[in-house]
>>> print(open('target_36.txt').read())   # compact mmCIF, C-alpha atoms and all ligand atoms
# COMPACT_ATOMS: atom_id res chain seq x y z
CA MET Y 30 387.64 -50.97 -125.53
CA ASP Y 31 384.22 -52.01 -124.32
CA VAL Y 32 384.04 -55.47 -125.80
CA ALA Y 33 381.07 -56.51 -123.65
CA GLY Y 34 379.06 -53.44 -124.71
CA GLU Y 35 379.90 -54.06 -128.37
CA PHE Y 36 378.84 -57.69 -127.95
CA LYS Y 37 375.45 -56.56 -126.63
CA ASP Y 38 374.95 -54.10 -129.51
CA LEU Y 39 375.87 -56.83 -131.97
CA TYR Y 40 374.03 -59.86 -130.62
CA GLY Y 41 371.25 -58.25 -128.56
CA TYR Y 42 372.13 -59.76 -125.17
CA ALA Y 43 374.90 -59.43 -122.59
CA PRO Y 44 377.87 -61.86 -122.90
CA GLU Y 45 378.36 -64.53 -120.24
CA GLY Y 46 381.94 -63.43 -119.75
CA VAL Y 47 384.99 -61.68 -121.15
CA TRP Y 48 388.43 -63.29 -121.58
CA ALA Y 49 391.88 -62.07 -122.63
CA ALA Y 50 394.90 -63.82 -124.14
CA PRO Y 51 398.22 -62.09 -124.89
CA GLY Y 52 400.57 -61.97 -127.84
CA ARG Y 53 404.13 -63.00 -127.11
CA VAL Y 54 407.68 -62.21 -127.98
CA ASN Y 55 410.38 -64.84 -127.97
CA LEU Y 56 413.46 -63.90 -125.94
CA ILE Y 57 415.62 -66.74 -127.28
CA GLY Y 58 415.30 -70.15 -128.99
CA GLU Y 59 414.29 -69.72 -132.64
CA TYR Y 60 413.26 -72.55 -135.00
CA THR Y 61 414.03 -74.88 -132.10
CA ASP Y 62 410.43 -75.78 -131.24
CA PHE Y 63 409.80 -78.19 -134.13
CA ASN Y 64 413.20 -79.73 -133.41
CA GLU Y 65 411.80 -80.63 -129.97
CA GLY Y 66 414.25 -78.21 -128.38
CA PHE Y 67 413.85 -75.24 -126.07
CA VAL Y 68 412.28 -71.79 -126.30
CA MET Y 69 411.89 -68.86 -123.92
CA PRO Y 70 409.00 -66.54 -124.74
CA LEU Y 71 407.28 -63.93 -122.61
CA ALA Y 72 403.71 -62.67 -122.83
CA LEU Y 73 403.17 -59.09 -123.96
CA PRO Y 74 400.74 -56.60 -122.42
CA HIS Y 75 398.97 -56.66 -125.79
CA VAL Y 76 395.90 -58.91 -125.74
CA ALA Y 77 393.07 -60.34 -127.74
CA VAL Y 78 389.89 -59.83 -125.74
CA ALA Y 79 386.77 -61.89 -126.42
CA ALA Y 80 383.23 -61.49 -125.12
CA VAL Y 81 381.41 -64.79 -125.43
CA GLY Y 82 377.96 -66.24 -124.87
CA ARG Y 83 376.85 -69.84 -125.36
CA ARG Y 84 374.12 -70.80 -127.79
CA SER Y 85 372.05 -73.96 -127.89
CA ASP Y 86 371.35 -74.35 -131.60
CA GLY Y 87 374.79 -75.43 -132.86
CA ILE Y 88 375.56 -72.10 -134.53
CA LEU Y 89 378.87 -70.28 -134.16
CA ARG Y 90 378.73 -66.53 -134.75
CA LEU Y 91 382.04 -64.68 -135.01
CA HIS Y 92 382.84 -61.00 -135.20
CA SER Y 93 386.02 -58.94 -134.88
CA ALA Y 94 386.00 -55.24 -134.04
CA ASP Y 95 389.26 -54.93 -135.97
CA ILE Y 96 388.06 -56.31 -139.30
CA ASP Y 97 385.50 -54.63 -141.49
CA GLU Y 98 383.36 -57.69 -142.11
CA PRO Y 99 379.83 -58.65 -141.02
CA VAL Y 100 379.22 -61.38 -138.45
CA ALA Y 101 380.32 -64.79 -139.78
CA GLU Y 102 377.77 -67.50 -139.11
CA LEU Y 103 378.84 -71.15 -139.21
CA ALA Y 104 377.26 -74.45 -138.22
CA VAL Y 105 379.43 -76.16 -135.59
CA ASP Y 106 378.89 -79.66 -136.99
CA THR Y 107 379.86 -78.77 -140.55
CA LEU Y 108 383.17 -77.01 -139.82
CA THR Y 109 385.76 -78.30 -142.31
CA PRO Y 110 389.54 -77.75 -142.21
CA LEU Y 111 391.14 -75.53 -144.85
CA SER Y 112 387.80 -74.32 -146.11
CA GLY Y 113 389.11 -70.75 -146.17
CA GLY Y 114 387.19 -68.21 -144.19
CA GLY Y 115 389.96 -65.65 -143.56
CA TRP Y 116 390.35 -64.52 -139.97
CA ALA Y 117 387.30 -66.50 -138.79
CA ALA Y 118 389.23 -69.72 -139.42
CA TYR Y 119 391.28 -69.10 -136.25
CA PRO Y 120 388.40 -69.16 -133.72
CA ALA Y 121 386.37 -71.60 -135.85
CA GLY Y 122 389.42 -73.89 -135.95
CA VAL Y 123 389.48 -73.96 -132.16
CA VAL Y 124 385.84 -75.07 -132.03
CA TRP Y 125 386.64 -77.73 -134.63
CA ALA Y 126 389.72 -78.92 -132.71
CA LEU Y 127 387.75 -79.12 -129.44
CA ARG Y 128 385.03 -81.21 -131.09
CA GLU Y 129 387.59 -83.41 -132.85
CA ALA Y 130 389.12 -84.16 -129.44
CA GLY Y 131 385.71 -85.16 -128.13
CA HIS Y 132 384.83 -82.06 -126.13
CA ALA Y 133 381.18 -81.10 -126.14
CA VAL Y 134 380.84 -77.56 -127.42
CA ASP Y 135 377.96 -78.56 -129.67
CA GLY Y 136 375.61 -75.77 -128.62
CA GLY Y 137 377.80 -73.23 -130.39
CA ALA Y 138 378.61 -69.69 -129.26
CA ASP Y 139 378.48 -66.01 -130.09
CA ILE Y 140 381.94 -64.44 -130.04
CA HIS Y 141 382.95 -60.82 -130.43
CA LEU Y 142 386.62 -59.96 -130.14
CA SER Y 143 389.03 -57.11 -130.33
CA SER Y 144 392.81 -57.21 -130.14
CA THR Y 145 395.70 -54.88 -129.38
CA VAL Y 146 398.28 -57.40 -130.64
CA PRO Y 147 399.81 -56.04 -133.87
CA THR Y 148 399.04 -58.51 -136.67
CA GLY Y 149 401.71 -60.08 -138.85
CA ALA Y 150 404.53 -58.56 -136.74
CA GLY Y 151 405.74 -61.92 -135.42
CA LEU Y 152 404.03 -61.24 -132.08
CA SER Y 153 401.46 -64.03 -132.42
CA SER Y 154 398.20 -62.20 -132.86
CA SER Y 155 396.92 -65.49 -134.29
CA ALA Y 156 397.76 -67.51 -131.16
CA ALA Y 157 396.14 -64.83 -128.98
CA LEU Y 158 392.95 -65.23 -131.00
CA GLU Y 159 392.98 -69.02 -130.72
CA VAL Y 160 393.85 -69.15 -127.04
CA VAL Y 161 391.25 -66.58 -125.98
CA THR Y 162 388.63 -68.63 -127.83
CA ALA Y 163 389.83 -71.91 -126.30
CA LEU Y 164 389.90 -70.53 -122.75
CA ALA Y 165 386.45 -68.95 -123.03
CA LEU Y 166 384.87 -72.17 -124.33
CA ASN Y 167 386.75 -74.23 -121.74
CA ASP Y 168 385.26 -72.09 -118.96
CA LEU Y 169 381.73 -71.77 -120.35
CA TYR Y 170 381.35 -75.40 -121.35
CA GLU Y 171 383.21 -76.55 -118.20
CA LEU Y 172 385.57 -78.75 -120.20
CA GLY Y 173 388.18 -78.90 -117.43
CA LEU Y 174 391.15 -78.71 -119.83
CA SER Y 175 394.54 -77.56 -118.53
CA ARG Y 176 396.42 -74.61 -120.01
CA PRO Y 177 398.93 -76.82 -121.87
CA GLU Y 178 396.02 -78.89 -123.25
CA LEU Y 179 394.31 -75.73 -124.48
CA ALA Y 180 397.57 -74.63 -126.12
CA LEU Y 181 397.88 -77.95 -127.95
CA LEU Y 182 394.30 -77.74 -129.21
CA ALA Y 183 394.89 -74.16 -130.35
CA GLN Y 184 398.04 -75.28 -132.20
CA ARG Y 185 396.05 -78.09 -133.82
CA ALA Y 186 393.49 -75.52 -134.95
CA GLU Y 187 396.22 -73.44 -136.61
CA ASN Y 188 398.01 -76.47 -138.13
CA ALA Y 189 395.09 -78.52 -139.38
CA PHE Y 190 392.21 -76.07 -139.75
CA VAL Y 191 393.88 -72.80 -140.79
CA GLY Y 192 396.74 -74.65 -142.49
CA VAL Y 193 399.78 -72.96 -140.87
CA PRO Y 194 402.47 -75.47 -139.78
CA CYS Y 195 403.53 -73.60 -136.61
CA GLY Y 196 405.14 -75.17 -133.54
CA VAL Y 197 403.54 -75.08 -130.10
CA MET Y 198 405.48 -72.17 -128.61
CA ASP Y 199 403.08 -69.34 -129.47
CA GLN Y 200 399.96 -70.93 -128.06
CA THR Y 201 401.79 -72.21 -124.97
CA ALA Y 202 403.17 -68.74 -124.27
CA SER Y 203 399.76 -67.14 -124.63
CA ALA Y 204 398.07 -69.79 -122.46
CA CYS Y 205 400.73 -70.39 -119.79
CA CYS Y 206 402.88 -67.30 -119.24
CA VAL Y 207 403.00 -65.67 -115.82
CA ASP Y 208 403.41 -61.99 -114.96
CA GLY Y 209 407.06 -60.98 -114.46
CA HIS Y 210 408.46 -64.23 -115.87
CA VAL Y 211 409.76 -65.73 -119.08
CA LEU Y 212 408.52 -69.19 -119.83
CA HIS Y 213 411.09 -71.92 -120.40
CA LEU Y 214 409.42 -74.56 -122.53
CA ASP Y 215 410.80 -77.97 -123.37
CA CYS Y 216 409.13 -78.62 -126.71
CA ARG Y 217 409.60 -82.40 -126.37
CA ASP Y 218 407.64 -83.13 -123.21
CA LEU Y 219 406.04 -79.66 -123.00
CA SER Y 220 407.30 -79.21 -119.45
CA ILE Y 221 407.32 -75.61 -118.32
CA ARG Y 222 409.45 -73.56 -115.99
CA GLN Y 223 408.58 -70.00 -115.07
CA VAL Y 224 411.84 -68.03 -114.86
CA PRO Y 225 411.74 -64.68 -113.01
CA PHE Y 226 412.36 -61.83 -115.47
CA ASP Y 227 412.00 -58.61 -113.56
CA LEU Y 228 413.74 -56.03 -115.71
CA GLU Y 229 412.38 -53.01 -113.90
CA SER Y 230 414.09 -53.76 -110.58
CA GLN Y 231 417.35 -54.22 -112.50
CA GLY Y 232 417.02 -50.86 -114.28
CA LEU Y 233 416.66 -52.60 -117.64
CA ARG Y 234 414.22 -52.55 -120.55
CA LEU Y 235 413.45 -54.99 -123.31
CA LEU Y 236 412.37 -53.09 -126.41
CA VAL Y 237 410.38 -54.66 -129.21
CA VAL Y 238 411.11 -53.10 -132.58
CA ASP Y 239 408.47 -53.96 -135.15
CA THR Y 240 410.08 -53.35 -138.55
CA ARG Y 241 406.62 -53.30 -140.17
CA VAL Y 242 407.91 -55.26 -143.13
CA LYS Y 243 407.25 -58.82 -144.24
CA HIS Y 244 409.29 -60.00 -147.20
CA ALA Y 245 407.72 -62.40 -149.68
CA LEU Y 246 410.96 -64.40 -149.47
CA GLY Y 247 409.67 -65.79 -146.18
CA ASP Y 248 406.78 -67.58 -147.82
CA GLY Y 249 408.32 -70.98 -148.47
CA ALA Y 250 411.26 -70.51 -146.12
CA TYR Y 251 409.76 -71.99 -142.97
CA ALA Y 252 408.91 -75.27 -144.68
CA GLU Y 253 412.34 -75.36 -146.32
CA ARG Y 254 414.17 -74.83 -143.01
CA ARG Y 255 411.97 -77.43 -141.37
CA GLU Y 256 412.70 -79.96 -144.09
CA GLY Y 257 416.44 -79.16 -143.82
CA CYS Y 258 416.41 -79.75 -140.05
CA GLU Y 259 414.59 -83.06 -140.48
CA THR Y 260 417.12 -84.13 -143.10
CA GLY Y 261 419.95 -83.16 -140.75
CA ALA Y 262 418.46 -85.19 -137.90
CA ARG Y 263 418.02 -88.20 -140.19
CA GLN Y 264 421.60 -88.01 -141.44
CA LEU Y 265 422.85 -87.82 -137.86
CA GLY Y 266 420.71 -90.77 -136.79
CA VAL Y 267 418.63 -88.90 -134.20
CA SER Y 268 414.87 -88.39 -134.09
CA HIS Y 269 415.19 -84.61 -133.67
CA LEU Y 270 418.07 -82.12 -133.56
CA ARG Y 271 417.35 -81.64 -129.87
CA ASP Y 272 419.17 -84.96 -129.40
CA VAL Y 273 422.49 -83.57 -130.64
CA ASP Y 274 424.56 -82.43 -127.63
CA TYR Y 275 426.23 -79.07 -127.99
CA ALA Y 276 429.53 -80.66 -126.93
CA GLU Y 277 429.22 -83.06 -129.86
CA LEU Y 278 428.35 -80.38 -132.40
CA PRO Y 279 431.79 -80.23 -134.11
CA SER Y 280 431.87 -83.97 -134.73
CA ALA Y 281 428.21 -83.96 -135.83
CA LEU Y 282 428.98 -81.21 -138.36
CA ASP Y 283 431.92 -83.26 -139.68
CA ARG Y 284 429.49 -86.03 -140.53
CA LEU Y 285 427.31 -83.78 -142.71
CA ASN Y 286 428.45 -83.08 -146.23
CA ASP Y 287 425.75 -80.64 -147.34
CA GLU Y 288 426.77 -77.09 -146.43
CA ARG Y 289 423.13 -75.95 -146.12
CA ILE Y 290 422.20 -78.75 -143.71
CA ARG Y 291 425.36 -78.09 -141.70
CA ARG Y 292 424.34 -74.45 -141.22
CA TYR Y 293 420.81 -75.36 -140.11
CA VAL Y 294 422.07 -77.96 -137.64
CA ARG Y 295 424.64 -75.54 -136.23
CA HIS Y 296 421.94 -72.93 -135.69
CA VAL Y 297 419.46 -75.22 -133.96
CA VAL Y 298 421.96 -76.99 -131.69
CA SER Y 299 423.68 -73.73 -130.73
CA ASP Y 300 420.36 -71.93 -130.12
CA ASP Y 301 419.26 -74.71 -127.74
CA GLN Y 302 422.52 -74.09 -125.91
CA ARG Y 303 421.87 -70.32 -125.89
CA VAL Y 304 418.50 -70.94 -124.24
CA ALA Y 305 420.29 -72.94 -121.53
CA ARG Y 306 422.84 -70.16 -121.10
CA VAL Y 307 420.15 -67.48 -120.82
CA MET Y 308 418.28 -69.52 -118.23
CA ALA Y 309 421.48 -70.02 -116.19
CA LEU Y 310 422.26 -66.30 -116.37
CA LEU Y 311 418.74 -65.37 -115.25
CA ASP Y 312 418.90 -67.92 -112.43
CA ALA Y 313 422.18 -66.35 -111.33
CA GLY Y 314 420.58 -62.88 -111.38
CA ASP Y 315 422.85 -61.72 -114.22
CA VAL Y 316 420.22 -60.25 -116.53
CA ARG Y 317 422.74 -57.95 -118.24
CA GLY Y 318 424.75 -61.02 -119.15
CA ILE Y 319 422.10 -62.23 -121.57
CA GLY Y 320 422.70 -59.27 -123.91
CA PRO Y 321 425.67 -60.77 -125.78
CA VAL Y 322 423.85 -64.13 -126.02
CA LEU Y 323 420.97 -62.40 -127.81
CA THR Y 324 423.34 -60.77 -130.29
CA GLU Y 325 425.10 -64.09 -130.85
CA GLY Y 326 421.70 -65.65 -131.53
CA HIS Y 327 421.01 -63.00 -134.15
CA ALA Y 328 424.27 -63.75 -135.96
CA SER Y 329 423.29 -67.42 -136.06
CA LEU Y 330 419.85 -66.63 -137.51
CA ARG Y 331 421.41 -64.27 -140.04
CA ASP Y 332 424.42 -66.32 -141.14
CA ASP Y 333 423.47 -69.95 -140.51
CA LEU Y 334 419.69 -70.16 -140.76
CA ARG Y 335 419.59 -67.15 -143.11
CA ILE Y 336 416.16 -65.89 -142.12
CA SER Y 337 417.04 -62.28 -141.31
CA CYS Y 338 416.64 -59.29 -143.64
CA PRO Y 339 418.24 -55.82 -144.00
CA GLU Y 340 415.68 -54.19 -141.67
CA LEU Y 341 416.22 -56.70 -138.85
CA ASP Y 342 420.00 -56.56 -139.25
CA LEU Y 343 419.82 -52.78 -139.08
CA VAL Y 344 417.83 -52.88 -135.81
CA VAL Y 345 420.53 -55.06 -134.27
CA SER Y 346 423.53 -53.11 -135.57
CA SER Y 347 422.09 -49.66 -134.86
CA ALA Y 348 420.82 -50.62 -131.39
CA ASN Y 349 424.10 -52.24 -130.39
CA GLY Y 350 426.02 -49.33 -131.91
CA ALA Y 351 424.02 -46.95 -129.70
CA GLY Y 352 424.88 -48.83 -126.51
CA ALA Y 353 422.25 -51.59 -126.25
CA LEU Y 354 423.35 -54.63 -124.22
CA GLY Y 355 422.28 -56.97 -127.00
CA ALA Y 356 419.65 -57.51 -129.67
CA ARG Y 357 418.23 -60.16 -131.96
CA MET Y 358 415.50 -60.72 -134.48
CA THR Y 359 412.63 -62.73 -133.05
CA GLY Y 360 409.97 -64.93 -134.64
CA GLY Y 361 409.87 -66.38 -138.12
CA GLY Y 362 412.14 -63.83 -139.80
CA PHE Y 363 412.20 -61.98 -143.13
CA GLY Y 364 410.65 -59.02 -141.32
CA GLY Y 365 408.51 -58.82 -138.21
CA SER Y 366 410.16 -57.80 -134.96
CA ALA Y 367 413.44 -57.68 -133.07
CA VAL Y 368 414.10 -57.49 -129.32
CA VAL Y 369 416.66 -55.14 -127.81
CA LEU Y 370 417.95 -55.26 -124.22
CA VAL Y 371 418.93 -51.83 -122.93
CA GLU Y 372 419.72 -49.96 -119.75
CA GLU Y 373 416.58 -48.04 -118.85
CA GLY Y 374 418.46 -44.75 -119.13
CA ASP Y 375 419.59 -45.60 -122.66
CA ALA Y 376 416.22 -46.78 -123.96
CA GLU Y 377 415.24 -43.50 -125.54
CA ALA Y 378 418.60 -42.86 -127.17
CA VAL Y 379 418.74 -46.42 -128.56
CA ALA Y 380 415.21 -46.16 -129.97
CA LYS Y 381 416.14 -42.83 -131.51
CA SER Y 382 419.24 -44.29 -133.14
CA VAL Y 383 417.25 -47.18 -134.59
CA ARG Y 384 414.68 -44.78 -135.99
CA ALA Y 385 417.39 -42.55 -137.46
CA ALA Y 386 419.12 -45.56 -139.05
CA PHE Y 387 415.82 -46.63 -140.63
CA GLU Y 388 415.22 -43.15 -141.97
CA GLY Y 389 418.75 -43.01 -143.34
CA ALA Y 390 418.26 -46.33 -145.13
CA GLY Y 391 414.91 -45.24 -146.57
CA PHE Y 392 412.98 -47.90 -144.61
CA THR Y 393 409.45 -47.51 -143.22
CA ALA Y 394 409.56 -46.05 -139.70
CA PRO Y 395 409.60 -48.92 -137.16
CA ARG Y 396 407.27 -49.19 -134.17
CA VAL Y 397 409.15 -49.39 -130.84
CA PHE Y 398 407.60 -50.34 -127.50
CA PRO Y 399 408.79 -51.91 -124.24
CA ALA Y 400 408.01 -55.60 -123.65
CA VAL Y 401 406.90 -56.03 -120.06
CA ALA Y 402 406.54 -59.70 -119.06
CA SER Y 403 402.78 -59.92 -118.67
CA PRO Y 404 400.22 -62.51 -117.55
CA GLY Y 405 398.99 -65.29 -119.82
CA ALA Y 406 395.37 -65.91 -120.78
CA ARG Y 407 392.76 -65.12 -118.14
CA ARG Y 408 389.10 -64.40 -117.51
CA LEU Y 409 388.45 -60.66 -117.11
CA VAL Y 410 384.72 -60.61 -116.30
P1 LIG F 501 401.01 -63.13 -136.30
O1 LIG F 501 400.44 -64.28 -135.54
O2 LIG F 501 402.49 -63.12 -136.29
O3 LIG F 501 400.44 -61.82 -135.90
P2 LIG F 501 399.69 -64.48 -138.45
O4 LIG F 501 399.76 -64.32 -139.92
O5 LIG F 501 400.00 -65.79 -137.86
O6 LIG F 501 400.60 -63.33 -137.84
O7 LIG F 501 398.23 -64.11 -137.97
C1 LIG F 501 397.63 -62.91 -138.39
C2 LIG F 501 396.19 -63.21 -138.77
O8 LIG F 501 395.41 -63.47 -137.58
C3 LIG F 501 395.49 -62.04 -139.44
O9 LIG F 501 395.74 -62.03 -140.82
C4 LIG F 501 394.03 -62.33 -139.12
O10 LIG F 501 393.51 -63.32 -140.00
C5 LIG F 501 394.10 -62.95 -137.74
N1 LIG F 501 393.91 -61.90 -136.73
C6 LIG F 501 394.82 -61.43 -135.84
N2 LIG F 501 394.27 -60.48 -135.05
C7 LIG F 501 392.98 -60.34 -135.45
C8 LIG F 501 391.89 -59.51 -135.04
N3 LIG F 501 392.03 -58.61 -134.07
N4 LIG F 501 390.72 -59.67 -135.67
C9 LIG F 501 390.58 -60.57 -136.67
N5 LIG F 501 391.56 -61.35 -137.09
C10 LIG F 501 392.76 -61.25 -136.52
MG MG F 502 400.78 -66.32 -136.00
>>> encode(input="target_36.txt", output="structure tokens")
Amino acid sequence: MDVAGEFKDLYGYAPEGVWAAPGRVNLIGEYTDFNEGFVMPLALPHVAVAAVGRRSDGILRLHSADIDEPVAELAVDTLTPLSGGGWAAYPAGVVWALREAGHAVDGGADIHLSSTVPTGAGLSSSAALEVVTALALNDLYELGLSRPELALLAQRAENAFVGVPCGVMDQTASACCVDGHVLHLDCRDLSIRQVPFDLESQGLRLLVVDTRVKHALGDGAYAERREGCETGARQLGVSHLRDVDYAELPSALDRLNDERIRRYVRHVVSDDQRVARVMALLDAGDVRGIGPVLTEGHASLRDDLRISCPELDLVVSSANGAGALGARMTGGGFGGSAVVLVEEGDAEAVAKSVRAAFEGAGFTAPRVFPAVASPGARRLV
């Protein structure tokens, strides 16, 4: 895609630069971020690319090559949270969040973007959009913000401006990931560790299977799980479930009398422990060893948190049945994507089995592609 050329056709001048920010897939650690626990995402090769030029009149012009809508034109100083605005709310929210935090982007900007991140597949096309906008404005307006600071502002844009109560994992992954690594993020202090994740040299592949479904059931589920986790923490006398040690999980569960809360607590505390196990296995060079941990994580999401769906369960069972090393749903659930760890030589056969299982069940054909741990946000031109 020639985003710079399209920018020039659209706005009548050449952009000052072009930036890219990736989507992400989460290897392990689900619904742990808002419990101040641990997550382990990697950046995908799929990116949102933005060509950007500064203005001096306080106007923000936004255009997406992927959406059939004319250029949106907004005044920077009248941006208001939750005022609607469809897709434009994501980049506009970033401008709002920057200004709210006292950063001078008052001149405005012209932005044209295009993305290869599949939307609504749980691969964070929204975070890619926010982070590419934040990084471009940070560079052009010389704001001097760090990557984690940009991620936090992008999250604030999504939370407060767009109105989606997401955690900070997606934006941090898009802003901070490094080529060939998974990012270990402590969602309490936001400290980061880059963990080498070189599948190719090990003869392995991580497949992403996008089920291409999104069940309406998911609509209130995130807020309900979040509320349940907060209730669990309160009943256990801790500020967040991150503070419950895995070794103390049985006694913690004994102290909870609501079966639903017990399931949520068991998922979160055990998934934090699975993140620790995956990191230890990767540190020890035992990449194959993480397969069973992924599958265990899926069972926890399916049975305890109850956010899976027939399509995601079928990816996991058919992939593992065809010889995958392990698999789990990833992201918010009720559809979206799963990750599958396979021997390189088995990748095709496993993908074929998953496709055949979907066809047999009468499901929409899934999209399957390898997840190569890719770089985080960067300036291209
Ligand atoms: P996910 O982040 O999992 O892909 P979300 O629902 O959080 O799903 O974000 C998807 C939304 O982000 C889209 O509905 C659209 O508003 C916006 N978006 C993503 N990619 C683009 C794009 N290339 N152009 C315009 N808007 C986009
Ligand atoms: Mg999103």
>>> residues_near_point(input="target_36.txt", point="(420.8, -62.1, -114.1)", cutoff="12 Å", atoms="all atoms listed in the file", output="ChimeraX atom specification")
/Y:224-228,230-233,306-320
>>> atom_distance(input="target_36.txt", atom1="atom CA of Y:Cys206", atom2="atom CA of Y:Asn55")
11.8 Å
>>> atom_distance(input="target_36.txt", atom1="atom CA of Y:Gly247", atom2="atom CA of Y:Thr260")
20.0 Å
>>> residues_near_ligand(input="target_36.txt", ligand="ligand MG 502 (chain F)", cutoff="8 Å", atoms="only C-alpha atoms and all ligand atoms", output="list in words")
Gly149, Gly151, Leu152, Ser153, Ser154, Ser155, Ala156, Cys195 and Asp199 of chain Y
>>> residues_near_ligand(input="target_36.txt", ligand="ligand LIG 501 (chain F)", cutoff="9 Å", atoms="all atoms listed in the file", output="VMD selection string")
chain Y and resid 52 77 to 78 92 to 96 115 to 119 142 to 158 187 193 195 199 360 to 361 365
>>> closest_residue(input="target_36.txt", among="Y:His269, Y:Arg222, Y:Arg295, Y:Arg53", to="Y:Ala72", atoms="only C-alpha atoms")
Y:Arg53
>>> atom_distance(input="target_36.txt", atom1="atom CA of Y:Gly249", atom2="atom CA of Y:Gln200")
22.1 Å
>>> residues_near_point(input="target_36.txt", point="(411.9, -48.1, -142.5)", cutoff="12 Å", atoms="only C-alpha atoms", output="ChimeraX atom specification")
/Y:238-243,339-341,343-344,364,383-396
